[in-house]
$ cat my_file_13.cif   # mmCIF, C-alpha atoms and all ligand atoms
data_protein
#
loop_
_atom_site.label_atom_id
_atom_site.label_comp_id
_atom_site.auth_asym_id
_atom_site.auth_seq_id
_atom_site.Cartn_x
_atom_site.Cartn_y
_atom_site.Cartn_z
CA MET A 1 2.44 -2.17 25.24
CA SER A 2 0.40 0.13 23.04
CA THR A 3 1.24 0.15 19.35
CA LEU A 4 2.48 3.09 17.34
CA TYR A 5 0.84 2.54 13.98
CA PHE A 6 2.66 4.10 11.05
CA ASP A 7 1.44 1.77 8.31
CA SER A 8 -1.73 3.47 7.09
CA ALA A 9 -0.76 2.97 3.44
CA ALA A 10 -1.02 -0.80 4.03
CA THR A 11 -4.37 -0.30 5.70
CA SER A 12 -5.81 2.52 7.76
CA ILE A 13 -7.35 2.33 11.21
CA PRO A 14 -11.13 2.39 10.61
CA CYS A 15 -12.47 5.81 11.58
CA ARG A 16 -15.21 6.29 14.17
CA GLN A 17 -17.76 7.34 11.54
CA ALA A 18 -17.12 4.18 9.49
CA VAL A 19 -17.52 1.94 12.52
CA GLU A 20 -20.77 3.66 13.50
CA ALA A 21 -22.18 3.47 9.97
CA ALA A 22 -21.26 -0.22 9.73
CA SER A 23 -22.82 -1.00 13.13
CA ALA A 24 -26.04 0.71 12.07
CA ALA A 25 -26.06 -1.05 8.68
CA ILE A 26 -25.82 -4.55 10.17
CA ALA A 27 -29.54 -4.44 10.99
CA PHE A 28 -30.34 -3.92 7.30
CA PHE A 29 -29.82 -7.49 6.20
CA GLY A 30 -32.01 -7.40 3.09
CA ASN A 31 -30.65 -8.10 -0.36
CA PRO A 32 -30.40 -4.64 -1.97
CA SER A 33 -31.79 -6.11 -5.21
CA SER A 34 -34.98 -7.39 -3.53
CA VAL A 35 -38.04 -5.26 -4.14
CA HIS A 36 -39.64 -5.81 -0.72
CA SER A 37 -39.20 -3.45 2.23
CA GLU A 38 -36.05 -5.14 3.61
CA GLY A 39 -34.38 -5.00 0.20
CA LEU A 40 -35.35 -1.37 -0.32
CA ALA A 41 -34.00 -0.44 3.11
CA ALA A 42 -30.61 -1.97 2.24
CA LYS A 43 -30.66 -0.27 -1.17
CA LYS A 44 -31.26 3.07 0.51
CA ILE A 45 -28.05 2.62 2.54
CA ILE A 46 -26.08 1.81 -0.60
CA ASP A 47 -27.58 4.76 -2.49
CA SER A 48 -26.65 7.10 0.32
CA ALA A 49 -23.06 5.76 0.47
CA ARG A 50 -22.84 6.07 -3.32
CA LYS A 51 -23.71 9.76 -3.01
CA SER A 52 -21.01 10.24 -0.36
CA VAL A 53 -18.30 8.51 -2.42
CA ALA A 54 -19.43 10.41 -5.55
CA SER A 55 -19.24 13.67 -3.68
CA ALA A 56 -15.67 12.85 -2.52
CA LEU A 57 -14.78 12.04 -6.14
CA TYR A 58 -16.60 15.10 -7.53
CA CYS A 59 -18.58 12.87 -9.88
CA LYS A 60 -22.20 11.79 -10.28
CA PRO A 61 -23.53 8.94 -8.09
CA GLU A 62 -24.31 6.84 -11.17
CA GLU A 63 -20.60 7.05 -12.09
CA VAL A 64 -19.62 5.10 -8.92
CA VAL A 65 -19.53 1.29 -9.19
CA PHE A 66 -18.90 -0.54 -5.91
CA THR A 67 -16.45 -3.46 -6.14
CA GLY A 68 -14.80 -5.95 -3.79
CA CYS A 69 -11.47 -4.04 -3.46
CA GLY A 70 -9.07 -1.70 -5.22
CA SER A 71 -7.39 -4.66 -6.93
CA GLU A 72 -10.71 -5.73 -8.42
CA SER A 73 -11.39 -2.19 -9.63
CA ASN A 74 -8.01 -2.18 -11.38
CA ASN A 75 -8.58 -5.62 -12.95
CA GLN A 76 -12.06 -4.57 -14.13
CA ALA A 77 -10.74 -1.37 -15.65
CA LEU A 78 -7.76 -2.93 -17.44
CA PHE A 79 -9.48 -6.02 -18.82
CA GLY A 80 -12.62 -3.99 -19.58
CA LEU A 81 -10.84 -1.19 -21.43
CA SER A 82 -8.61 -3.58 -23.35
CA LYS A 83 -11.66 -5.49 -24.62
CA LEU A 84 -13.49 -2.28 -25.43
CA ARG A 85 -10.58 -0.85 -27.40
CA ALA A 86 -8.87 -3.97 -28.85
CA ARG A 87 -10.09 -3.37 -32.39
CA ARG A 88 -8.85 0.20 -32.37
CA SER A 89 -5.42 -0.35 -30.84
CA LYS A 90 -3.48 -3.02 -28.97
CA ARG A 91 -1.04 -0.60 -27.35
CA ILE A 92 -1.37 0.29 -23.68
CA ILE A 93 0.78 2.97 -22.02
CA THR A 94 1.52 2.72 -18.31
CA THR A 95 4.43 3.38 -15.93
CA ASN A 96 7.19 1.15 -14.61
CA SER A 97 6.12 1.60 -10.97
CA GLU A 98 2.47 0.57 -10.87
CA HIS A 99 0.97 -1.53 -8.09
CA PRO A 100 0.89 -5.30 -8.81
CA SER A 101 -2.90 -5.12 -9.26
CA VAL A 102 -2.17 -3.04 -12.38
CA SER A 103 1.15 -4.49 -13.52
CA ALA A 104 0.02 -8.15 -13.27
CA PRO A 105 -3.18 -7.76 -15.39
CA LEU A 106 -1.12 -5.78 -17.90
CA ALA A 107 1.44 -8.61 -18.01
CA SER A 108 -1.44 -11.01 -18.79
CA LEU A 109 -2.61 -8.73 -21.59
CA GLU A 110 0.97 -8.60 -22.89
CA ALA A 111 1.00 -12.40 -23.03
CA GLU A 112 -2.24 -12.20 -25.05
CA GLY A 113 -0.61 -9.96 -27.65
CA PHE A 114 -1.04 -6.40 -26.36
CA GLU A 115 1.99 -4.13 -26.50
CA ILE A 116 2.64 -2.59 -23.09
CA ILE A 117 4.73 0.60 -22.94
CA ARG A 118 6.13 1.29 -19.47
CA LEU A 119 7.14 4.93 -18.97
CA SER A 120 10.02 5.73 -16.66
CA THR A 121 9.28 7.30 -13.27
CA LYS A 122 12.75 8.39 -12.18
CA GLY A 123 12.62 10.66 -9.17
CA GLY A 124 8.90 9.97 -8.94
CA ALA A 125 7.85 11.87 -12.06
CA ILE A 126 6.62 10.92 -15.49
CA ASP A 127 8.53 12.46 -18.38
CA ILE A 128 5.67 14.02 -20.35
CA SER A 129 7.77 14.26 -23.53
CA GLU A 130 8.30 10.47 -23.35
CA LEU A 131 4.51 10.05 -23.05
CA GLU A 132 3.90 12.45 -25.95
CA SER A 133 6.31 10.58 -28.17
CA GLU A 134 4.69 7.20 -27.32
CA LEU A 135 1.21 8.62 -27.99
CA GLN A 136 2.28 9.42 -31.55
CA ASN A 137 1.95 5.70 -32.32
CA GLY A 138 -1.55 5.64 -30.81
CA ALA A 139 -2.83 3.77 -27.75
CA ALA A 140 -5.98 1.99 -26.62
CA PHE A 141 -5.64 3.57 -23.22
CA VAL A 142 -3.21 4.94 -20.68
CA SER A 143 -3.11 3.65 -17.08
CA ILE A 144 -1.21 5.78 -14.58
CA MET A 145 -1.47 5.78 -10.81
CA LEU A 146 -2.32 8.95 -8.91
CA ALA A 147 0.18 8.32 -6.11
CA ASN A 148 2.77 5.60 -5.67
CA ASN A 149 2.28 3.22 -2.74
CA GLU A 150 6.01 2.88 -1.99
CA THR A 151 7.43 6.37 -2.48
CA GLY A 152 4.34 8.58 -2.19
CA ALA A 153 5.20 10.13 -5.59
CA LYS A 154 2.23 12.03 -6.99
CA TYR A 155 1.86 11.87 -10.75
CA ASP A 156 0.50 14.76 -12.77
CA LEU A 157 -2.87 13.68 -14.22
CA ALA A 158 -3.57 17.09 -15.75
CA SER A 159 -0.42 16.92 -17.92
CA VAL A 160 -1.15 13.30 -18.86
CA ARG A 161 -4.67 14.26 -19.97
CA ARG A 162 -3.36 17.25 -21.92
CA ALA A 163 -0.81 15.05 -23.71
CA ILE A 164 -3.52 12.52 -24.65
CA ASP A 165 -5.86 15.24 -25.92
CA ARG A 166 -3.11 16.98 -27.90
CA SER A 167 -2.09 13.68 -29.54
CA GLY A 168 -5.59 13.26 -30.99
CA CYS A 169 -5.24 9.45 -30.68
CA GLY A 170 -8.40 9.16 -28.58
CA ALA A 171 -6.79 7.02 -25.86
CA LEU A 172 -8.82 6.61 -22.66
CA LEU A 173 -7.25 7.32 -19.27
CA HIS A 174 -7.47 4.95 -16.29
CA CYS A 175 -5.99 5.88 -12.94
CA ASP A 176 -5.19 3.66 -9.96
CA ALA A 177 -6.15 6.27 -7.38
CA VAL A 178 -6.11 3.88 -4.40
CA GLN A 179 -3.33 5.70 -2.52
CA GLY A 180 -4.04 9.20 -3.81
CA PHE A 181 -7.83 9.36 -3.28
CA LEU A 182 -8.58 12.24 -0.85
CA LYS A 183 -4.85 12.75 -0.19
CA THR A 184 -4.11 15.40 -2.85
CA ASP A 185 -4.72 19.15 -2.90
CA ASP A 186 -7.04 19.01 -5.89
CA ARG A 187 -9.82 16.52 -5.13
CA ARG A 188 -11.51 17.26 -8.45
CA GLU A 189 -8.65 15.96 -10.61
CA ILE A 190 -9.67 12.28 -10.73
CA ALA A 191 -13.11 12.82 -12.27
CA LYS A 192 -11.92 15.84 -14.25
CA TYR A 193 -9.11 14.11 -16.13
CA CYS A 194 -9.86 10.36 -16.05
CA ASP A 195 -12.33 8.13 -17.88
CA CYS A 196 -12.19 5.64 -15.05
CA ALA A 197 -10.37 5.38 -11.72
CA SER A 198 -9.98 2.85 -8.91
CA VAL A 199 -10.34 3.60 -5.20
CA SER A 200 -10.40 1.46 -2.05
CA ALA A 201 -12.21 1.94 1.27
CA HIS A 202 -9.54 0.61 3.61
CA LYS A 203 -6.99 3.26 2.67
CA ILE A 204 -9.22 6.12 3.86
CA GLY A 205 -10.60 4.83 7.17
CA GLY A 206 -13.13 2.33 5.78
CA PHE A 207 -12.93 -1.48 5.81
CA LYS A 208 -10.98 -3.98 3.76
CA GLY A 209 -12.89 -5.78 1.01
CA VAL A 210 -14.70 -2.79 -0.49
CA GLY A 211 -13.61 -0.68 -3.42
CA ALA A 212 -15.12 1.43 -6.14
CA LEU A 213 -14.52 2.21 -9.78
CA PHE A 214 -15.32 5.64 -11.14
CA VAL A 215 -16.70 5.07 -14.64
CA LYS A 216 -17.40 8.23 -16.60
CA ASN A 217 -20.95 8.50 -17.89
CA GLY A 218 -21.24 6.92 -21.32
CA LEU A 219 -18.17 4.66 -21.02
CA LYS A 220 -19.45 1.16 -21.77
CA MET A 221 -16.87 -1.31 -20.51
CA PRO A 222 -17.65 -5.01 -20.59
CA PRO A 223 -17.97 -6.34 -17.02
CA PHE A 224 -15.30 -8.57 -15.51
CA ILE A 225 -17.70 -10.25 -13.04
CA LYS A 226 -20.86 -11.31 -14.86
CA GLY A 227 -24.02 -12.55 -13.20
CA GLY A 228 -27.08 -10.90 -11.73
CA GLY A 229 -26.25 -7.49 -13.21
CA GLN A 230 -25.95 -5.52 -9.97
CA GLU A 231 -24.28 -2.09 -10.02
CA SER A 232 -26.05 -1.20 -13.30
CA GLY A 233 -24.58 -4.31 -14.93
CA PHE A 234 -20.97 -3.24 -14.30
CA ARG A 235 -20.34 -5.56 -11.36
CA SER A 236 -22.47 -8.56 -10.51
CA GLY A 237 -22.61 -9.89 -6.95
CA THR A 238 -24.80 -8.95 -4.01
CA GLU A 239 -23.43 -5.71 -2.59
CA ASN A 240 -21.64 -5.63 0.78
CA THR A 241 -24.11 -3.27 2.48
CA VAL A 242 -22.14 -2.98 5.74
CA GLY A 243 -18.79 -2.33 4.09
CA ILE A 244 -20.28 0.10 1.59
CA ALA A 245 -22.05 2.04 4.36
CA ALA A 246 -18.69 2.36 6.14
CA PHE A 247 -16.98 3.41 2.89
CA GLY A 248 -19.48 6.27 2.42
CA ALA A 249 -19.00 7.44 6.00
CA ALA A 250 -15.19 7.25 5.75
CA ALA A 251 -15.20 9.23 2.48
CA GLU A 252 -17.24 11.97 4.15
CA ALA A 253 -15.06 11.96 7.25
CA PHE A 254 -11.72 12.22 5.41
CA ASN A 255 -11.91 16.00 5.17
CA ALA A 256 -9.36 18.74 4.48
CA GLU A 257 -8.71 19.14 8.20
CA LYS A 258 -7.56 15.51 8.50
CA LEU A 259 -5.29 15.95 5.51
CA LYS A 260 -3.78 19.12 6.97
CA HIS A 261 -3.06 17.29 10.23
CA ILE A 262 -1.37 14.44 8.35
CA SER A 263 0.61 16.90 6.24
CA GLU A 264 1.95 18.59 9.38
CA LEU A 265 2.99 15.20 10.81
CA TYR A 266 4.78 14.36 7.56
CA GLU A 267 6.79 17.61 7.61
CA TYR A 268 7.51 17.27 11.34
CA THR A 269 8.75 13.68 11.03
CA LYS A 270 10.94 14.57 8.06
CA GLN A 271 12.53 17.33 10.14
CA LEU A 272 13.01 15.05 13.17
CA ILE A 273 14.73 12.40 11.05
CA LEU A 274 17.03 14.96 9.43
CA GLU A 275 17.95 16.42 12.83
CA SER A 276 18.57 12.98 14.36
CA GLY A 277 22.00 12.74 12.76
CA ALA A 278 21.44 9.08 11.84
CA GLU A 279 22.45 7.87 8.38
CA ILE A 280 18.94 7.98 6.98
CA LYS A 281 18.23 9.28 3.50
CA LEU A 282 14.80 10.70 2.70
CA ASN A 283 13.54 9.50 -0.68
CA LEU A 284 11.57 12.59 -1.63
CA PRO A 285 9.75 12.63 -4.97
CA GLU A 286 9.34 15.87 -6.92
CA LYS A 287 5.65 15.94 -6.00
CA HIS A 288 4.20 13.70 -3.32
CA ILE A 289 1.22 12.92 -1.14
CA CYS A 290 1.76 13.58 2.55
CA THR A 291 0.74 10.13 3.80
CA ILE A 292 3.81 8.19 2.63
CA LEU A 293 7.43 8.88 3.58
CA SER A 294 10.06 6.55 2.17
CA VAL A 295 13.49 6.49 3.83
CA SER A 296 16.65 4.44 3.25
CA VAL A 297 18.71 3.50 6.29
CA ALA A 298 22.40 2.98 5.48
CA GLY A 299 23.71 -0.51 6.25
CA VAL A 300 20.51 -1.84 7.88
CA ARG A 301 18.33 -4.24 5.94
CA SER A 302 14.68 -3.18 5.95
CA GLU A 303 13.42 -6.42 7.49
CA VAL A 304 15.95 -6.09 10.34
CA MET A 305 14.75 -2.53 11.05
CA LEU A 306 11.13 -3.62 10.73
CA ASN A 307 11.56 -6.43 13.24
CA ALA A 308 13.49 -4.23 15.67
CA LEU A 309 10.78 -1.55 15.60
CA SER A 310 8.02 -4.14 15.73
CA ALA A 311 9.56 -5.56 18.91
CA GLU A 312 9.30 -2.04 20.36
CA GLY A 313 5.63 -1.78 19.31
CA ILE A 314 6.18 0.40 16.23
CA CYS A 315 4.54 -0.68 12.97
CA ILE A 316 6.07 0.47 9.71
CA SER A 317 6.58 -1.32 6.43
CA ALA A 318 9.39 -2.39 4.12
CA GLY A 319 8.80 -0.67 0.78
CA SER A 320 5.16 -1.66 0.60
CA ALA A 321 3.12 -4.36 2.36
CA CYS A 322 2.36 -5.95 -1.02
CA SER A 323 5.99 -6.33 -2.02
CA ALA A 324 7.33 -7.07 1.47
CA ARG A 325 7.44 -10.82 0.87
CA LYS A 326 8.36 -10.70 -2.80
CA GLY A 327 11.91 -9.40 -2.85
CA PRO A 328 13.38 -6.21 -4.29
CA SER A 329 10.93 -3.55 -5.27
CA GLY A 330 10.60 -2.49 -8.91
CA ALA A 331 9.09 0.86 -7.92
CA LEU A 332 12.09 1.82 -5.78
CA GLU A 333 14.48 0.81 -8.55
CA ALA A 334 12.39 2.86 -11.02
CA PHE A 335 12.61 5.79 -8.61
CA GLY A 336 16.38 5.63 -8.98
CA LEU A 337 17.55 4.09 -5.71
CA THR A 338 20.65 1.89 -5.67
CA LYS A 339 20.45 -1.79 -4.71
CA GLN A 340 21.95 -1.01 -1.28
CA GLU A 341 19.48 1.82 -0.72
CA ILE A 342 16.54 -0.40 -1.71
CA GLU A 343 17.70 -3.06 0.76
CA GLY A 344 17.52 -0.50 3.56
CA THR A 345 14.29 1.23 2.53
CA VAL A 346 11.35 1.41 4.88
CA ARG A 347 8.00 3.11 4.42
CA ILE A 348 6.48 5.29 7.10
CA SER A 349 2.84 6.04 6.41
CA PHE A 350 0.66 8.41 8.37
CA GLY A 351 -3.01 8.38 9.29
CA ALA A 352 -5.39 10.84 10.88
CA ASP A 353 -4.99 9.20 14.32
CA ASN A 354 -1.22 9.74 14.55
CA THR A 355 0.06 12.48 16.87
CA ARG A 356 3.19 14.65 17.08
CA GLU A 357 4.28 12.75 20.21
CA GLU A 358 4.12 9.48 18.27
CA CYS A 359 6.24 11.04 15.51
CA VAL A 360 8.87 12.02 18.08
CA MET A 361 9.02 8.44 19.40
CA LEU A 362 9.14 6.98 15.89
CA ALA A 363 11.97 9.27 14.73
CA GLU A 364 13.93 8.64 17.92
CA ARG A 365 13.62 4.83 17.75
CA LEU A 366 14.38 4.84 14.04
CA ALA A 367 17.58 6.83 14.64
CA VAL A 368 18.66 4.72 17.64
CA ASN A 369 18.14 1.48 15.72
CA ALA A 370 19.81 2.90 12.61
CA LYS A 371 22.99 3.43 14.66
CA ARG A 372 22.70 0.22 16.71
CA LEU A 373 21.98 -2.15 13.81
CA LYS A 374 24.41 -0.78 11.24
CA ARG A 375 26.55 -3.54 9.74
N1 LIG B 401 -3.33 0.17 -5.84
C1 LIG B 401 -2.47 0.70 -4.94
C2 LIG B 401 -1.61 1.85 -5.36
C3 LIG B 401 -2.40 0.17 -3.65
O1 LIG B 401 -1.53 0.69 -2.78
C4 LIG B 401 -3.21 -0.94 -3.32
C5 LIG B 401 -3.12 -1.56 -1.98
O2 LIG B 401 -2.15 -1.46 -1.29
C6 LIG B 401 -4.10 -1.43 -4.28
C7 LIG B 401 -4.13 -0.86 -5.53
C8 LIG B 401 -5.00 -2.59 -3.98
O3 LIG B 401 -6.09 -2.21 -3.17
P1 LIG B 401 -6.87 -3.33 -2.34
O4 LIG B 401 -6.02 -3.70 -1.17
O5 LIG B 401 -8.16 -2.67 -1.92
O6 LIG B 401 -7.10 -4.46 -3.26
#

$ encode --input "my_file_13.cif" --output "structure tokens"
Amino acid sequence: MSTLYFDSAATSIPCRQAVEAASAAIAFFGNPSSVHSEGLAAKKIIDSARKSVASALYCKPEEVVFTGCGSESNNQALFGLSKLRARRSKRIITTNSEHPSVSAPLASLEAEGFEIIRLSTKGGAIDISELESELQNGAAFVSIMLANNETGAKYDLASVRRAIDRSGCGALLHCDAVQGFLKTDDRREIAKYCDCASVSAHKIGGFKGVGALFVKNGLKMPPFIKGGGQESGFRSGTENTVGIAAFGAAAEAFNAEKLKHISELYEYTKQLILESGAEIKLNLPEKHICTILSVSVAGVRSEVMLNALSAEGICISAGSACSARKGPSGALEAFGLTKQEIEGTVRISFGADNTREECVMLAERLAVNAKRLKR
């Protein structure tokens, strides 16, 4: 039985270009920090991938720091910025629906004495007047995701930046852009509005275990991983040449055409679900990326639906892969869903390899199971 994979927000299927780049990079085994020919050859691969990721982020290559994953990028940014700014302010503004790799480090900082302000995200939007009023009391930095991993809600970085600038408090802006990177209409917004931002290779057709942090030129954050001083001192540890080569290739390959294809699948699937007549509610944020569609099935617990579809070879997710084993989701509650709706919420996430035929099968099986499994 072939699998219908609709869980690209958990991890994407590696694209052909990433696989080819990784296969070619395996031969370059040298340590990129070594000054002999083998080391220089590996460094060349990393430099080239850095240019590709920088070009996708519309920033300079020296502003890209490779890390071990998106979670590490977030931890580096949050602990780094808090140390950098602690003397100025111990207030950090964030939202109430961040990924655990942001909310957990912030909870640690809270335990250390930082004040964490969590803005509401009802309906998938930040209330800018709430942000403006919080900024009046100053802040060390603001950390807001670009797109939510459970609802697909797309937050408005331009308005956040404007509010920070108007407040005059000098707060820095970090963005967890792991889900939004390359999936929004304006690819320039991350580097244009943020001081630093986290991205991850395996959400865009690269491999797991490679991420990057955009660090604006001149921002001197203390490193989280100290050691040999790789990545211009920002992130010690011998670089993962193979994974980084694949990341560069995936960033280049994730073009506007792929996004358009995914966007069409998103709209098509939405329509199919609505026309199916099953009791399925679409949880549509005000603004959203087109890779994540959250739906609540009336009277069917998400894990029951997940297992039923999995038995039929269809892979989707309950809320998000990260929260699947940890009980009710805070992000869905923050969005405004009721307890019953949250219990029946599943996440459909699209990738460049999905087809219209697959969407038809998914919508049909979702509707059939919604009727069959209803309590
Ligand atoms: N941030 C968001 C919004 C995510 O969805 C994820 C992964 O699902 C991460 C961060 C963590 O990225 P990684 O899996 O590369 O650690």

$ closest_residue --input "my_file_13.cif" --among "A:Lys339, A:Lys270, A:His261, A:Lys183" --to "Leu362 in chain A" --atoms "all atoms listed in the file"
A:Lys270

$ closest_atom_pairs --input "my_file_13.cif" --of "chain A" --to "ligand LIG 401 (chain B)" --cutoff "9 Å" --atoms "all atoms listed in the file" --output "CSV"
residue,atom,partner,partner_atom,distance
A:Ala9,CA,B:LIG401,O2,6.6
A:Ala10,CA,B:LIG401,O2,5.5
A:Thr11,CA,B:LIG401,O2,7.4
A:Gly68,CA,B:LIG401,O5,7.6
A:Cys69,CA,B:LIG401,O5,3.9
A:Gly70,CA,B:LIG401,O5,3.6
A:Ser71,CA,B:LIG401,O6,3.7
A:Glu72,CA,B:LIG401,O6,6.4
A:Ser73,CA,B:LIG401,O6,8.0
A:Asn74,CA,B:LIG401,C7,7.1
A:Glu98,CA,B:LIG401,C2,7.0
A:His99,CA,B:LIG401,C2,5.1
A:Pro100,CA,B:LIG401,C7,7.5
A:Ser101,CA,B:LIG401,C7,5.8
A:Val102,CA,B:LIG401,N1,7.4
A:Met145,CA,B:LIG401,C2,6.7
A:Leu146,CA,B:LIG401,C2,8.0
A:Ala147,CA,B:LIG401,C2,6.8
A:Asn148,CA,B:LIG401,C2,5.8
A:Asn149,CA,B:LIG401,O1,4.6
A:Glu150,CA,B:LIG401,O1,7.9
A:Asp176,CA,B:LIG401,N1,5.7
A:Ala177,CA,B:LIG401,C2,6.7
A:Val178,CA,B:LIG401,N1,4.9
A:Gln179,CA,B:LIG401,C2,5.1
A:Gly180,CA,B:LIG401,C2,7.9
A:Ser198,CA,B:LIG401,C7,7.7
A:Val199,CA,B:LIG401,O5,7.4
A:Ser200,CA,B:LIG401,O5,4.7
A:Ala201,CA,B:LIG401,O5,6.9
A:His202,CA,B:LIG401,O5,6.6
A:Lys203,CA,B:LIG401,O5,7.6
A:Lys208,CA,B:LIG401,O5,6.5
A:Gly209,CA,B:LIG401,O5,6.4
A:Val210,CA,B:LIG401,O5,6.7
A:Gly211,CA,B:LIG401,O5,6.0
A:Ser320,CA,B:LIG401,O2,7.6
A:Ala321,CA,B:LIG401,O2,7.0
A:Cys322,CA,B:LIG401,O2,6.4

$ atom_distance --input "my_file_13.cif" --atom1 "CA of Ile13 in chain A" --atom2 "CA of Ile204 in chain A"
8.5 Å

$ closest_residue --input "my_file_13.cif" --among "A:Val35, A:Lys192, A:Leu81, A:Ala363" --to "Lys220 in chain A" --atoms "only C-alpha atoms"
A:Leu81

$ residues_around --input "my_file_13.cif" --residues "Ala139 in chain A" --least-positions-apart "6" --cutoff "8 Å" --atoms "all atoms listed in the file" --output "list of chain:residue names"
A:Ser89, A:Lys90, A:Arg91, A:Ile92, A:Ile93, A:Cys169, A:Gly170, A:Ala171

$ closest_atom_pairs --input "my_file_13.cif" --of "range 150-204 of chain A" --to "range 61-65 of chain A" --cutoff "10 Å" --atoms "only C-alpha atoms" --output "CSV"
residue,atom,partner,partner_atom,distance
A:Ala191,CA,A:Glu63,CA,9.5
A:Cys196,CA,A:Glu63,CA,9.0
A:Ala197,CA,A:Val64,CA,9.7
A:Ser198,CA,A:Val65,CA,9.7

$ atom_distance --input "my_file_13.cif" --atom1 "CA of Asn96 in chain A" --atom2 "CA of Leu157 in chain A"
16.1 Å

$ closest_residue --input "my_file_13.cif" --among "A:Ala331, A:Leu172, A:Ala107, A:Val295" --to "Asn283 in chain A" --atoms "only C-alpha atoms"
A:Val295

$ atom_distance --input "my_file_13.cif" --atom1 "CA of Arg16 in chain A" --atom2 "CA of Gly313 in chain A"
22.9 Å

$ residues_near_point --input "my_file_13.cif" --point "(0.4, 13.6, -23.8)" --cutoff "8 Å" --atoms "only C-alpha atoms" --output "list in words"
Ile128, Ser129, Leu131, Glu132, Ser133, Leu135, Ser159, Val160, Arg161, Arg162, Ala163, Ile164, Asp165, Arg166 and Ser167 of chain A

$ decode --input "my_file_13.cif" --residues "range 348-360 of chain A" --atoms "N, CA, C and O atoms" --output "compact mmCIF listing (two decimals), in the first residue's frame"
# COMPACT_ATOMS: atom_id res chain seq x y z
N ILE A 348 -3.74 18.83 8.63
CA ILE A 348 -3.37 18.34 7.31
C ILE A 348 -2.27 19.28 6.83
O ILE A 348 -2.46 20.50 6.84
N SER A 349 -1.13 18.74 6.45
CA SER A 349 -0.11 19.67 5.94
C SER A 349 0.45 19.18 4.62
O SER A 349 0.69 17.99 4.43
N PHE A 350 0.58 20.14 3.71
CA PHE A 350 0.87 19.85 2.31
C PHE A 350 2.33 20.05 1.97
O PHE A 350 2.99 20.91 2.54
N GLY A 351 2.80 19.28 1.00
CA GLY A 351 4.16 19.44 0.49
C GLY A 351 4.13 19.48 -1.02
O GLY A 351 3.09 19.20 -1.66
N ALA A 352 5.27 19.79 -1.60
CA ALA A 352 5.35 19.97 -3.05
C ALA A 352 5.04 18.68 -3.82
O ALA A 352 4.63 18.73 -4.98
N ASP A 353 5.20 17.52 -3.17
CA ASP A 353 4.98 16.25 -3.87
C ASP A 353 3.50 15.82 -3.90
O ASP A 353 3.15 14.88 -4.60
N ASN A 354 2.66 16.46 -3.11
CA ASN A 354 1.24 16.08 -3.10
C ASN A 354 0.57 16.43 -4.43
O ASN A 354 0.98 17.36 -5.12
N THR A 355 -0.47 15.66 -4.76
CA THR A 355 -1.19 15.89 -6.02
C THR A 355 -2.68 16.12 -5.73
O THR A 355 -3.16 15.82 -4.63
N ARG A 356 -3.40 16.60 -6.75
CA ARG A 356 -4.85 16.82 -6.61
C ARG A 356 -5.57 15.49 -6.35
O ARG A 356 -6.50 15.43 -5.55
N GLU A 357 -5.10 14.44 -7.00
CA GLU A 357 -5.74 13.12 -6.81
C GLU A 357 -5.60 12.68 -5.36
O GLU A 357 -6.53 12.12 -4.76
N GLU A 358 -4.44 12.93 -4.78
CA GLU A 358 -4.24 12.57 -3.37
C GLU A 358 -5.19 13.37 -2.47
O GLU A 358 -5.71 12.85 -1.49
N CYS A 359 -5.39 14.65 -2.83
CA CYS A 359 -6.29 15.49 -2.03
C CYS A 359 -7.72 14.95 -2.09
O CYS A 359 -8.44 14.96 -1.08
N VAL A 360 -8.12 14.46 -3.26
CA VAL A 360 -9.47 13.89 -3.41
C VAL A 360 -9.61 12.68 -2.47
O VAL A 360 -10.60 12.55 -1.74
